[in-house]
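To be precise, the following lines are target-v2.pdb, and they hold PDB, C-alpha atoms.
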ATOM      1  CA  MET A   1     108.631  15.790-181.533
ATOM      2  CA  ARG A   2     110.707  18.945-181.351
ATOM      3  CA  ALA A   3     113.724  18.919-183.695
ATOM      4  CA  GLU A   4     117.041  20.135-182.376
ATOM      5  CA  PHE A   5     119.699  21.583-184.647
ATOM      6  CA  THR A   6     123.107  23.132-184.202
ATOM      7  CA  GLN A   7     123.864  26.493-185.762
ATOM      8  CA  GLY A   8     125.957  24.773-188.408
ATOM      9  CA  GLU A   9     123.182  22.344-189.290
ATOM     10  CA  LEU A  10     120.711  25.199-189.692
ATOM     11  CA  VAL A  11     123.096  27.103-191.956
ATOM     12  CA  GLU A  12     123.455  24.005-194.114
ATOM     13  CA  LEU A  13     119.698  23.513-194.321
ATOM     14  CA  LEU A  14     119.002  27.161-195.151
ATOM     15  CA  GLY A  15     121.463  26.928-198.038
ATOM     16  CA  LEU A  16     120.099  23.723-199.581
ATOM     17  CA  GLU A  17     119.642  23.760-203.327
ATOM     18  CA  ASP A  18     116.431  21.741-203.005
ATOM     19  CA  PHE A  19     114.466  22.595-199.874
ATOM     20  CA  SER A  20     111.295  20.723-200.875
ATOM     21  CA  PRO A  21     111.852  17.750-198.506
ATOM     22  CA  ILE A  22     112.098  20.160-195.566
ATOM     23  CA  TYR A  23     108.901  21.926-196.634
ATOM     24  CA  ALA A  24     107.146  18.558-196.790
ATOM     25  CA  GLN A  25     108.431  17.598-193.360
ATOM     26  CA  ALA A  26     107.366  20.942-191.864
ATOM     27  CA  ASP A  27     103.913  20.614-193.376
ATOM     28  CA  GLN A  28     103.558  17.115-191.934
ATOM     29  CA  VAL A  29     104.625  18.321-188.477
ATOM     30  CA  ARG A  30     102.179  21.219-188.746
ATOM     31  CA  ARG A  31      99.353  18.852-189.668
ATOM     32  CA  GLU A  32     100.159  16.459-186.814
ATOM     33  CA  THR A  33     100.549  19.116-184.112
ATOM     34  CA  VAL A  34      98.180  21.994-184.913
ATOM     35  CA  GLY A  35      96.020  20.499-187.651
ATOM     36  CA  ASP A  36      94.623  22.040-190.821
ATOM     37  CA  THR A  37      93.132  25.079-189.109
ATOM     38  CA  VAL A  38      94.373  28.531-190.103
ATOM     39  CA  HIS A  39      93.750  30.973-187.267
ATOM     40  CA  ILE A  40      92.718  34.423-188.482
ATOM     41  CA  ARG A  41      93.788  37.226-186.155
ATOM     42  CA  ALA A  42      92.448  40.771-186.196
ATOM     43  CA  LEU A  43      95.317  43.274-186.168
ATOM     44  CA  LEU A  44      94.494  46.719-184.802
ATOM     45  CA  GLU A  45      97.254  49.328-184.950
ATOM     46  CA  ILE A  46      96.343  51.670-182.130
ATOM     47  CA  SER A  47      99.178  54.233-182.351
ATOM     48  CA  ASN A  48     102.017  55.137-184.690
ATOM     49  CA  HIS A  49     103.848  57.225-182.094
ATOM     50  CA  CYS A  50     107.161  55.654-181.136
ATOM     51  CA  ARG A  51     110.031  56.777-178.932
ATOM     52  CA  ARG A  52     112.516  54.377-180.523
ATOM     53  CA  MET A  53     115.232  55.057-183.110
ATOM     54  CA  CYS A  54     115.169  51.734-185.003
ATOM     55  CA  THR A  55     116.954  52.348-188.291
ATOM     56  CA  TYR A  56     114.629  50.197-190.446
ATOM     57  CA  CYS A  57     111.221  51.347-189.222
ATOM     58  CA  GLY A  58     108.986  53.985-190.767
ATOM     59  CA  LEU A  59     107.572  54.828-187.329
ATOM     60  CA  ARG A  60     110.982  55.743-185.855
ATOM     61  CA  ALA A  61     110.955  58.790-183.585
ATOM     62  CA  PRO A  62     113.155  61.066-185.758
ATOM     63  CA  ARG A  63     110.868  60.810-188.783
ATOM     64  CA  GLN A  64     109.282  64.223-189.322
ATOM     65  CA  ASN A  65     107.060  63.731-192.372
ATOM     66  CA  LEU A  66     104.654  61.263-190.791
ATOM     67  CA  THR A  67     101.285  62.306-189.423
ATOM     68  CA  ARG A  68     101.012  60.714-186.011
ATOM     69  CA  TYR A  69      97.845  59.341-184.447
ATOM     70  CA  ARG A  70      96.555  57.604-181.354
ATOM     71  CA  MET A  71      93.247  55.763-181.056
ATOM     72  CA  ASP A  72      91.171  56.603-178.007
ATOM     73  CA  PRO A  73      90.463  53.647-175.714
ATOM     74  CA  GLU A  74      86.786  53.750-176.691
ATOM     75  CA  GLU A  75      87.724  53.506-180.382
ATOM     76  CA  VAL A  76      89.937  50.515-179.665
ATOM     77  CA  VAL A  77      87.206  48.655-177.800
ATOM     78  CA  GLN A  78      84.629  49.479-180.475
ATOM     79  CA  ALA A  79      86.872  48.166-183.261
ATOM     80  CA  ALA A  80      87.491  44.985-181.267
ATOM     81  CA  CYS A  81      83.749  44.451-180.869
ATOM     82  CA  GLU A  82      83.201  44.949-184.607
ATOM     83  CA  ALA A  83      85.849  42.340-185.340
ATOM     84  CA  HIS A  84      84.295  39.920-182.866
ATOM     85  CA  ALA A  85      80.896  40.338-184.512
ATOM     86  CA  VAL A  86      82.179  38.962-187.834
ATOM     87  CA  GLY A  87      83.984  35.991-186.369
ATOM     88  CA  TYR A  88      87.401  37.053-185.080
ATOM     89  CA  ARG A  89      88.371  35.289-181.857
ATOM     90  CA  THR A  90      91.747  36.928-181.302
ATOM     91  CA  ILE A  91      92.686  40.583-181.529
ATOM     92  CA  VAL A  92      96.237  41.889-181.664
ATOM     93  CA  LEU A  93      96.670  45.445-180.373
ATOM     94  CA  GLN A  94      99.892  46.784-181.849
ATOM     95  CA  SER A  95     101.599  50.151-181.569
ATOM     96  CA  GLY A  96     104.889  51.911-181.651
ATOM     97  CA  GLU A  97     106.503  52.160-178.235
ATOM     98  CA  ASP A  98     104.190  54.928-177.068
ATOM     99  CA  PRO A  99     104.284  55.857-173.335
ATOM    100  CA  TRP A 100     100.985  57.744-173.735
ATOM    101  CA  TYR A 101      99.368  54.334-173.372
ATOM    102  CA  THR A 102     100.227  53.676-169.751
ATOM    103  CA  PRO A 103      99.998  50.121-168.408
ATOM    104  CA  LEU A 104      96.871  51.212-166.535
ATOM    105  CA  MET A 105      95.232  52.461-169.735
ATOM    106  CA  LEU A 106      96.203  49.349-171.680
ATOM    107  CA  GLY A 107      94.891  47.189-168.855
ATOM    108  CA  GLN A 108      91.568  49.030-168.903
ATOM    109  CA  ILE A 109      91.312  48.517-172.671
ATOM    110  CA  VAL A 110      92.039  44.813-172.344
ATOM    111  CA  SER A 111      89.541  44.422-169.501
ATOM    112  CA  ALA A 112      86.850  46.214-171.499
ATOM    113  CA  ILE A 113      87.404  43.977-174.535
ATOM    114  CA  LYS A 114      87.253  40.910-172.298
ATOM    115  CA  ALA A 115      84.023  42.150-170.702
ATOM    116  CA  LYS A 116      82.332  42.636-174.089
ATOM    117  CA  THR A 117      83.731  39.665-176.067
ATOM    118  CA  ASP A 118      85.281  36.243-175.612
ATOM    119  CA  MET A 119      88.331  37.160-177.687
ATOM    120  CA  ALA A 120      91.912  36.389-176.747
ATOM    121  CA  VAL A 121      93.910  39.614-176.558
ATOM    122  CA  THR A 122      97.503  39.960-177.736
ATOM    123  CA  LEU A 123      99.517  43.090-177.044
ATOM    124  CA  GLY A 124     102.513  44.272-179.038
ATOM    125  CA  CYS A 125     103.504  47.534-177.366
ATOM    126  CA  GLY A 126     107.225  47.161-176.813
ATOM    127  CA  GLU A 127     109.564  46.918-173.854
ATOM    128  CA  MET A 128     108.144  47.424-170.365
ATOM    129  CA  ARG A 129     109.097  46.746-166.775
ATOM    130  CA  GLU A 130     108.328  43.316-165.322
ATOM    131  CA  GLU A 131     105.717  44.789-162.984
ATOM    132  CA  ASP A 132     103.918  46.334-165.962
ATOM    133  CA  TYR A 133     103.837  43.035-167.830
ATOM    134  CA  ALA A 134     102.547  41.381-164.649
ATOM    135  CA  PHE A 135      99.788  43.980-164.302
ATOM    136  CA  LEU A 136      98.699  43.529-167.919
ATOM    137  CA  LYS A 137      98.558  39.764-167.415
ATOM    138  CA  LEU A 138      96.258  40.261-164.430
ATOM    139  CA  ALA A 139      94.105  42.599-166.540
ATOM    140  CA  GLY A 140      93.431  39.720-168.925
ATOM    141  CA  THR A 141      96.118  39.951-171.599
ATOM    142  CA  ASP A 142      96.668  36.458-173.017
ATOM    143  CA  ARG A 143      99.637  36.946-175.314
ATOM    144  CA  TYR A 144     102.446  39.399-175.841
ATOM    145  CA  LEU A 145     104.421  39.874-179.033
ATOM    146  CA  ILE A 146     107.824  41.560-179.012
ATOM    147  CA  LYS A 147     110.086  40.613-181.901
ATOM    148  CA  HIS A 148     113.818  40.452-181.357
ATOM    149  CA  GLU A 149     114.417  41.155-185.108
ATOM    150  CA  THR A 150     118.001  39.828-185.027
ATOM    151  CA  ALA A 151     119.907  37.642-182.586
ATOM    152  CA  ASP A 152     123.292  39.091-183.605
ATOM    153  CA  PRO A 153     124.240  41.528-180.787
ATOM    154  CA  ASP A 154     126.385  43.744-183.020
ATOM    155  CA  LEU A 155     123.769  43.932-185.766
ATOM    156  CA  TYR A 156     121.090  44.547-183.145
ATOM    157  CA  ARG A 157     123.073  47.485-181.798
ATOM    158  CA  ARG A 158     123.412  49.013-185.270
ATOM    159  CA  LEU A 159     119.692  48.619-185.935
ATOM    160  CA  HIS A 160     118.591  49.747-182.459
ATOM    161  CA  PRO A 161     120.994  52.476-181.276
ATOM    162  CA  ASP A 162     118.940  53.106-178.126
ATOM    163  CA  SER A 163     118.501  49.512-176.968
ATOM    164  CA  SER A 164     120.269  46.169-176.614
ATOM    165  CA  LEU A 165     119.632  42.561-177.508
ATOM    166  CA  ASP A 166     120.084  41.531-173.875
ATOM    167  CA  LYS A 167     117.274  43.822-172.796
ATOM    168  CA  ARG A 168     114.952  42.582-175.543
ATOM    169  CA  VAL A 169     115.635  38.932-174.769
ATOM    170  CA  GLY A 170     115.174  39.722-171.081
ATOM    171  CA  CYS A 171     111.669  40.981-171.851
ATOM    172  CA  LEU A 172     110.883  37.760-173.719
ATOM    173  CA  ARG A 173     112.075  35.580-170.864
ATOM    174  CA  THR A 174     110.110  37.677-168.362
ATOM    175  CA  LEU A 175     106.924  37.339-170.403
ATOM    176  CA  LYS A 176     107.400  33.587-170.615
ATOM    177  CA  ARG A 177     107.974  33.337-166.877
ATOM    178  CA  LEU A 178     104.797  35.352-166.183
ATOM    179  CA  GLY A 179     102.720  32.835-168.104
ATOM    180  CA  TYR A 180     102.069  34.731-171.320
ATOM    181  CA  GLU A 181     101.854  33.020-174.645
ATOM    182  CA  THR A 182     105.068  34.661-175.754
ATOM    183  CA  GLY A 183     105.816  35.755-179.296
ATOM    184  CA  SER A 184     109.008  36.944-180.941
ATOM    185  CA  GLY A 185     110.284  36.941-184.500
ATOM    186  CA  PHE A 186     112.804  38.374-186.899
ATOM    187  CA  MET A 187     113.341  39.889-190.323
ATOM    188  CA  VAL A 188     115.034  38.102-193.193
ATOM    189  CA  GLY A 189     117.324  40.142-195.444
ATOM    190  CA  LEU A 190     118.548  42.833-193.079
ATOM    191  CA  PRO A 191     121.729  44.558-194.291
ATOM    192  CA  GLY A 192     124.663  42.761-192.732
ATOM    193  CA  GLN A 193     122.704  39.597-191.988
ATOM    194  CA  THR A 194     124.103  36.154-192.846
ATOM    195  CA  LEU A 195     122.811  32.595-192.802
ATOM    196  CA  GLU A 196     124.676  32.231-189.520
ATOM    197  CA  THR A 197     122.638  35.128-188.144
ATOM    198  CA  LEU A 198     119.388  33.509-189.246
ATOM    199  CA  ALA A 199     120.446  30.287-187.576
ATOM    200  CA  GLN A 200     121.020  32.267-184.371
ATOM    201  CA  ASP A 201     117.526  33.743-184.731
ATOM    202  CA  LEU A 202     115.926  30.312-184.974
ATOM    203  CA  LEU A 203     117.915  29.019-182.021
ATOM    204  CA  LEU A 204     116.810  32.002-179.934
ATOM    205  CA  LEU A 205     113.152  31.308-180.693
ATOM    206  CA  ALA A 206     113.638  27.729-179.533
ATOM    207  CA  SER A 207     115.513  28.732-176.386
ATOM    208  CA  ILE A 208     112.687  30.877-174.971
ATOM    209  CA  PRO A 209     110.755  28.746-176.164
ATOM    210  CA  CYS A 210     108.350  30.972-178.082
ATOM    211  CA  ASP A 211     104.664  30.156-178.475
ATOM    212  CA  MET A 212     104.412  32.447-181.502
ATOM    213  CA  ALA A 213     106.967  33.611-184.046
ATOM    214  CA  GLY A 214     106.534  36.204-186.771
ATOM    215  CA  ILE A 215     109.155  35.770-189.487
ATOM    216  CA  GLY A 216     109.004  38.153-192.429
ATOM    217  CA  PRO A 217     111.208  39.743-195.072
ATOM    218  CA  PHE A 218     112.937  43.063-194.508
ATOM    219  CA  LEU A 219     111.260  45.790-196.562
ATOM    220  CA  PRO A 220     113.259  49.042-196.851
ATOM    221  CA  HIS A 221     111.433  52.264-196.067
ATOM    222  CA  PRO A 222     112.489  55.366-198.060
ATOM    223  CA  ASP A 223     112.453  57.623-194.978
ATOM    224  CA  THR A 224     114.871  55.547-192.894
ATOM    225  CA  PRO A 225     118.654  55.111-192.809
ATOM    226  CA  LEU A 226     118.206  51.685-194.461
ATOM    227  CA  ARG A 227     116.354  53.152-197.445
ATOM    228  CA  ASP A 228     118.911  51.757-199.922
ATOM    229  CA  GLY A 229     118.704  48.202-198.614
ATOM    230  CA  THR A 230     117.424  45.299-200.699
ATOM    231  CA  ALA A 231     114.128  43.674-199.779
ATOM    232  CA  GLY A 232     114.417  40.312-198.072
ATOM    233  CA  ASP A 233     114.030  37.136-200.108
ATOM    234  CA  ALA A 234     110.597  35.498-199.824
ATOM    235  CA  GLU A 235     111.982  32.001-200.416
ATOM    236  CA  LEU A 236     114.542  32.319-197.634
ATOM    237  CA  THR A 237     111.812  33.659-195.364
ATOM    238  CA  ARG A 238     109.641  30.630-196.045
ATOM    239  CA  ARG A 239     112.609  28.374-195.290
ATOM    240  CA  CYS A 240     112.972  30.022-191.884
ATOM    241  CA  VAL A 241     109.262  29.505-191.179
ATOM    242  CA  ALA A 242     109.542  25.822-192.093
ATOM    243  CA  LEU A 243     112.546  25.292-189.829
ATOM    244  CA  ALA A 244     110.768  27.154-187.024
ATOM    245  CA  ARG A 245     107.915  24.661-187.366
ATOM    246  CA  LEU A 246     110.315  21.747-186.934
ATOM    247  CA  MET A 247     111.946  23.364-183.909
ATOM    248  CA  LEU A 248     108.675  24.596-182.342
ATOM    249  CA  PRO A 249     106.081  22.034-183.483
ATOM    250  CA  SER A 250     103.105  23.502-181.602
ATOM    251  CA  ALA A 251     103.861  27.192-182.090
ATOM    252  CA  ASN A 252     101.586  29.612-183.899
ATOM    253  CA  LEU A 253     103.482  30.705-187.013
ATOM    254  CA  PRO A 254     101.875  33.441-189.104
ATOM    255  CA  ALA A 255     102.219  34.149-192.762
ATOM    256  CA  THR A 256     103.300  37.719-192.068
ATOM    257  CA  THR A 257     101.874  40.799-193.732
ATOM    258  CA  ALA A 258     105.330  41.663-195.037
ATOM    259  CA  LEU A 259     105.565  38.299-196.782
ATOM    260  CA  THR A 260     102.251  38.986-198.477
ATOM    261  CA  VAL A 261     103.593  42.348-199.649
ATOM    262  CA  ARG A 262     106.522  40.484-201.248
ATOM    263  CA  GLY A 263     104.074  38.472-203.344
ATOM    264  CA  ASP A 264     103.632  35.228-201.423
ATOM    265  CA  ASN A 265     100.506  33.476-202.688
ATOM    266  CA  GLY A 266      99.975  30.926-199.988
ATOM    267  CA  GLN A 267     103.171  28.907-200.382
ATOM    268  CA  VAL A 268     104.121  29.614-196.788
ATOM    269  CA  PHE A 269     101.048  27.683-195.623
ATOM    270  CA  SER A 270     102.408  24.548-197.263
ATOM    271  CA  GLY A 271     105.618  24.939-195.291
ATOM    272  CA  GLY A 272     104.468  25.227-191.705
ATOM    273  CA  ALA A 273     102.455  28.424-191.160
ATOM    274  CA  ASN A 274      99.055  28.214-189.457
ATOM    275  CA  VAL A 275      98.127  31.839-188.718
ATOM    276  CA  VAL A 276      97.277  34.906-190.769
ATOM    277  CA  MET A 277      96.635  38.433-189.542
ATOM    278  CA  ARG A 278      94.192  40.820-191.166
ATOM    279  CA  LYS A 279      94.411  44.541-190.476
ATOM    280  CA  ILE A 280      91.203  46.042-189.087
ATOM    281  CA  THR A 281      92.734  49.455-188.398
ATOM    282  CA  PRO A 282      90.212  52.170-189.367
ATOM    283  CA  ASN A 283      90.824  53.797-192.754
ATOM    284  CA  CYS A 284      91.522  57.180-191.198
ATOM    285  CA  TYR A 285      94.591  55.692-189.500
ATOM    286  CA  LYS A 286      95.809  52.625-191.318
ATOM    287  CA  ARG A 287      97.965  54.290-193.995
ATOM    288  CA  MET A 288      99.764  56.242-191.285
ATOM    289  CA  TYR A 289     100.960  53.007-189.671
ATOM    290  CA  GLU A 290     103.760  52.728-192.173
ATOM    291  CA  ILE A 291     106.489  50.478-190.817
ATOM    292  CA  TYR A 292     107.312  49.708-194.452
ATOM    293  CA  PRO A 293     105.727  50.907-197.717
ATOM    294  CA  ALA A 294     102.608  48.991-198.725
ATOM    295  CA  GLN A 295      99.515  49.499-200.847
ATOM    296  CA  LEU A 296      96.664  48.946-198.404
ATOM    297  CA  PRO A 297      92.994  48.543-199.373
ATOM    298  CA  ASP A 298      90.299  50.310-197.414
ATOM    299  CA  THR A 299      89.181  48.465-194.293
ATOM    300  CA  ASP A 300      85.901  46.597-194.674
ATOM    301  CA  ILE A 301      85.974  44.179-191.757
ATOM    302  CA  PRO A 302      83.122  41.812-192.823
ATOM    303  CA  ALA A 303      84.130  41.687-196.518
ATOM    304  CA  GLN A 304      87.817  41.160-195.775
ATOM    305  CA  ARG A 305      87.060  38.384-193.315
ATOM    306  CA  GLN A 306      84.853  36.594-195.848
ATOM    307  CA  GLN A 307      87.416  36.980-198.627
ATOM    308  CA  LEU A 308      90.192  35.597-196.435
ATOM    309  CA  GLU A 309      88.101  32.610-195.371
ATOM    310  CA  GLU A 310      87.464  31.767-199.020
ATOM    311  CA  GLN A 311      91.178  32.026-199.841
ATOM    312  CA  ILE A 312      92.065  29.702-196.984
ATOM    313  CA  LYS A 313      89.472  27.142-198.069
ATOM    314  CA  ARG A 314      90.907  27.169-201.586
ATOM    315  CA  LEU A 315      94.240  26.132-200.062
ATOM    316  CA  GLY A 316      92.535  23.104-198.540
ATOM    317  CA  ARG A 317      92.706  24.513-195.008
ATOM    318  CA  VAL A 318      90.056  25.366-192.429
ATOM    319  CA  PRO A 319      89.636  29.033-191.426
ATOM    320  CA  LEU A 320      88.896  29.871-187.803
TER     321      LEU A 320
END
As structure tokens - that is how I would like this structure written.
Amino acid sequence: MRAEFTQGELVELLGLEDFSPIYAQADQVRRETVGDTVHIRALLEISNHCRRMCTYCGLRAPRQNLTRYRMDPEEVVQAACEAHAVGYRTIVLQSGEDPWYTPLMLGQIVSAIKAKTDMAVTLGCGEMREEDYAFLKLAGTDRYLIKHETADPDLYRRLHPDSSLDKRVGCLRTLKRLGYETGSGFMVGLPGQTLETLAQDLLLLASIPCDMAGIGPFLPHPDTPLRDGTAGDAELTRRCVALARLMLPSANLPATTALTVRGDNGQVFSGGANVVMRKITPNCYKRMYEIYPAQLPDTDIPAQRQQLEEQIKRLGRVPL
């Protein structure tokens, strides 16, 4: 049963000295609603071009010292087929907001992947018009991920000088109305963020309501205006994931890549998460997709899949 909280109640819970009872409750809800399966998603970063000015992101348009790339549609489809061959059943195609990939082109890519595999396809390509989202749904896109990052309108404006929270939330509500499995999410530890802000974030996820939610710590990038910020707290991030599980019992909640970078060793899976993403971006591109600094191993799709399955089994969960 979906839990309902007020903003004040969420603030109180996030600030608890001992959060272990909430973790236990979230894990029980996860087990009862989505089971012990951990869904492994293939993440393919198809372009690091972006027209946006987001102050926290290493892909932001003003950044000059980043080599930009775009994968050709044929490369994208080939990588998806390679992932399917080793067991992936969902692929996430993610990019900066890059108009080079027109809705028509993205639709053709999705249709080609669907014709060659039985994978679910998630897109994460930013804000579009309603008619474009509708077209991509008809082309076979199953899910769309577009994080709101913060539900505080003033903070959103400072982080996204060329956009607005209303527009972002409008996209989420449009996607939901069109029948997508709709994903959002937010960062924990943004400069200027408070527990009240995080409570707003959780309430926004529930109001959509989202089918997926990526919640990860803020990681400062040295080539952005927020370079001097402090990395988000992993414990507070896990608390947000656990509360999201209580508020959205059947949602897919990933242990985000950023949380792994901060040193999480599986604790998030005991507090509500049921999804993990593994990058399959080709080696010639993957280090250029630098939203935040990270030490990334070379891509070896079969070996990485096997290693991840073994890690999940050691946690007492079932990889899929």
- Item | Evaluate the PyMOL selection byres ((chain A and resi 187-192) around 7) and report residues as JSON, numbers by chain | {"A": [149, 186, 193, 194, 215, 216, 217, 218, 229, 231, 232, 233, 237]}
- Using all atoms listed in the file, which residue out of A:Ile40, A:Val76, A:Leu136, A:Met128 lies closest to A:Ala273?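 The answer is A:Ile40, which sits nearest to A:Ala273.
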- What is the distance, in Å and to one decimal place, between atom CA of A:Val169 and atom CA of A:Tyr133?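 If I compute the distance from atom CA of A:Val169 to atom CA of A:Tyr133, I get 14.3 Å.
Around A:Pro302, within 9 Å and counting only C-alpha atoms, the residues found are A:Glu82, A:Ala83, A:Ala85, A:Val86, A:Gly87, A:Asp300, A:Gln304, A:Arg305, A:Gln306, A:Gln307, once anything fewer than 2 positions away on its own chain is removed.
Residue neighbourhood of stretch 89-101 of chain A, excluding near-sequence residues (fewer than 4 positions): A:Arg41, A:Ala42, A:Leu43, A:Leu44, A:Glu45, A:Ile46, A:Ser47, A:Asn48, A:His49, A:Cys50, A:Arg51, A:Arg52, A:Leu59, A:Ala80, A:His84, A:Met105, A:Leu106, A:Met119, A:Ala120, A:Val121, A:Thr122, A:Leu123, A:Gly124, A:Cys125, A:Gly126, at 7 Å, using all atoms listed in the file.
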- Which of A:Ala115, A:Leu159, A:Met212, A:Leu203 sits closest to A:Tyr144 [using all atoms listed in the file]: A:Met212
- Query: Care to translate the PyMOL selection byres ((chain A and resi 12-25) around 12) into actual residues of this file, as a ChimeraX atom specification?
  - Reply: /A:1,3,5-11,26-32,188,194-199,202,235-247,249,267-273
Please evaluate the PyMOL selection byres ((chain A and resi 319) around 10) against the structure above and give the resulting residues as a PDB file with C-alpha atoms, in the frame of the given file.
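Saved file selection_9.pdb follows:
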ATOM      1  CA  ASP A  36      94.623  22.040-190.821  1.00  0.00           C
ATOM      2  CA  THR A  37      93.132  25.079-189.109  1.00  0.00           C
ATOM      3  CA  VAL A  38      94.373  28.531-190.103  1.00  0.00           C
ATOM      4  CA  HIS A  39      93.750  30.973-187.267  1.00  0.00           C
ATOM      5  CA  ILE A  40      92.718  34.423-188.482  1.00  0.00           C
ATOM      6  CA  ASN A 274      99.055  28.214-189.457  1.00  0.00           C
ATOM      7  CA  VAL A 275      98.127  31.839-188.718  1.00  0.00           C
ATOM      8  CA  VAL A 276      97.277  34.906-190.769  1.00  0.00           C
ATOM      9  CA  ARG A 305      87.060  38.384-193.315  1.00  0.00           C
ATOM     10  CA  GLN A 306      84.853  36.594-195.848  1.00  0.00           C
ATOM     11  CA  LEU A 308      90.192  35.597-196.435  1.00  0.00           C
ATOM     12  CA  GLU A 309      88.101  32.610-195.371  1.00  0.00           C
ATOM     13  CA  GLU A 310      87.464  31.767-199.020  1.00  0.00           C
ATOM     14  CA  GLN A 311      91.178  32.026-199.841  1.00  0.00           C
ATOM     15  CA  ILE A 312      92.065  29.702-196.984  1.00  0.00           C
ATOM     16  CA  LYS A 313      89.472  27.142-198.069  1.00  0.00           C
ATOM     17  CA  GLY A 316      92.535  23.104-198.540  1.00  0.00           C
ATOM     18  CA  ARG A 317      92.706  24.513-195.008  1.00  0.00           C
ATOM     19  CA  VAL A 318      90.056  25.366-192.429  1.00  0.00           C
ATOM     20  CA  LEU A 320      88.896  29.871-187.803  1.00  0.00           C
TER      21      LEU A 320
END
File for stretch 230-248 of chain A (N, CA and C atoms), as a PDB file, in the first residue's frame:
ATOM      1  N   THR A 230      30.274  20.590  -2.606  1.00  0.00           N
ATOM      2  CA  THR A 230      30.608  19.367  -1.879  1.00  0.00           C
ATOM      3  C   THR A 230      29.756  18.222  -2.398  1.00  0.00           C
ATOM      4  N   ALA A 231      30.365  17.072  -2.589  1.00  0.00           N
ATOM      5  CA  ALA A 231      29.629  15.913  -3.089  1.00  0.00           C
ATOM      6  C   ALA A 231      28.499  15.538  -2.137  1.00  0.00           C
ATOM      7  N   GLY A 232      27.396  15.092  -2.723  1.00  0.00           N
ATOM      8  CA  GLY A 232      26.232  14.713  -1.940  1.00  0.00           C
ATOM      9  C   GLY A 232      26.502  13.514  -1.046  1.00  0.00           C
ATOM     10  N   ASP A 233      25.787  13.453   0.054  1.00  0.00           N
ATOM     11  CA  ASP A 233      25.974  12.412   1.064  1.00  0.00           C
ATOM     12  C   ASP A 233      25.293  11.111   0.626  1.00  0.00           C
ATOM     13  N   ALA A 234      26.049  10.017   0.629  1.00  0.00           N
ATOM     14  CA  ALA A 234      25.506   8.730   0.186  1.00  0.00           C
ATOM     15  C   ALA A 234      24.407   8.231   1.122  1.00  0.00           C
ATOM     16  N   GLU A 235      24.573   8.453   2.422  1.00  0.00           N
ATOM     17  CA  GLU A 235      23.563   7.997   3.378  1.00  0.00           C
ATOM     18  C   GLU A 235      22.237   8.731   3.163  1.00  0.00           C
ATOM     19  N   LEU A 236      22.289  10.034   2.976  1.00  0.00           N
ATOM     20  CA  LEU A 236      21.064  10.779   2.741  1.00  0.00           C
ATOM     21  C   LEU A 236      20.417  10.359   1.420  1.00  0.00           C
ATOM     22  N   THR A 237      21.234  10.046   0.444  1.00  0.00           N
ATOM     23  CA  THR A 237      20.707   9.552  -0.832  1.00  0.00           C
ATOM     24  C   THR A 237      19.957   8.251  -0.633  1.00  0.00           C
ATOM     25  N   ARG A 238      20.549   7.332   0.115  1.00  0.00           N
ATOM     26  CA  ARG A 238      19.876   6.054   0.362  1.00  0.00           C
ATOM     27  C   ARG A 238      18.571   6.251   1.125  1.00  0.00           C
ATOM     28  N   ARG A 239      18.543   7.231   2.025  1.00  0.00           N
ATOM     29  CA  ARG A 239      17.303   7.516   2.750  1.00  0.00           C
ATOM     30  C   ARG A 239      16.203   7.972   1.777  1.00  0.00           C
ATOM     31  N   CYS A 240      16.575   8.790   0.819  1.00  0.00           N
ATOM     32  CA  CYS A 240      15.593   9.239  -0.175  1.00  0.00           C
ATOM     33  C   CYS A 240      15.072   8.070  -1.007  1.00  0.00           C
ATOM     34  N   VAL A 241      15.960   7.149  -1.371  1.00  0.00           N
ATOM     35  CA  VAL A 241      15.535   5.971  -2.135  1.00  0.00           C
ATOM     36  C   VAL A 241      14.548   5.148  -1.312  1.00  0.00           C
ATOM     37  N   ALA A 242      14.845   4.947  -0.039  1.00  0.00           N
ATOM     38  CA  ALA A 242      13.965   4.159   0.820  1.00  0.00           C
ATOM     39  C   ALA A 242      12.590   4.804   0.947  1.00  0.00           C
ATOM     40  N   LEU A 243      12.545   6.109   1.137  1.00  0.00           N
ATOM     41  CA  LEU A 243      11.259   6.792   1.241  1.00  0.00           C
ATOM     42  C   LEU A 243      10.508   6.757  -0.091  1.00  0.00           C
ATOM     43  N   ALA A 244      11.237   6.847  -1.197  1.00  0.00           N
ATOM     44  CA  ALA A 244      10.600   6.724  -2.508  1.00  0.00           C
ATOM     45  C   ALA A 244       9.946   5.356  -2.658  1.00  0.00           C
ATOM     46  N   ARG A 245      10.578   4.323  -2.120  1.00  0.00           N
ATOM     47  CA  ARG A 245       9.977   2.985  -2.189  1.00  0.00           C
ATOM     48  C   ARG A 245       8.666   2.927  -1.406  1.00  0.00           C
ATOM     49  N   LEU A 246       8.617   3.575  -0.266  1.00  0.00           N
ATOM     50  CA  LEU A 246       7.378   3.577   0.519  1.00  0.00           C
ATOM     51  C   LEU A 246       6.273   4.358  -0.189  1.00  0.00           C
ATOM     52  N   MET A 247       6.653   5.428  -0.865  1.00  0.00           N
ATOM     53  CA  MET A 247       5.672   6.287  -1.523  1.00  0.00           C
ATOM     54  C   MET A 247       5.263   5.764  -2.897  1.00  0.00           C
ATOM     55  N   LEU A 248       6.158   5.002  -3.538  1.00  0.00           N
ATOM     56  CA  LEU A 248       5.907   4.431  -4.866  1.00  0.00           C
ATOM     57  C   LEU A 248       6.269   2.948  -4.812  1.00  0.00           C
TER      58      LEU A 248
END
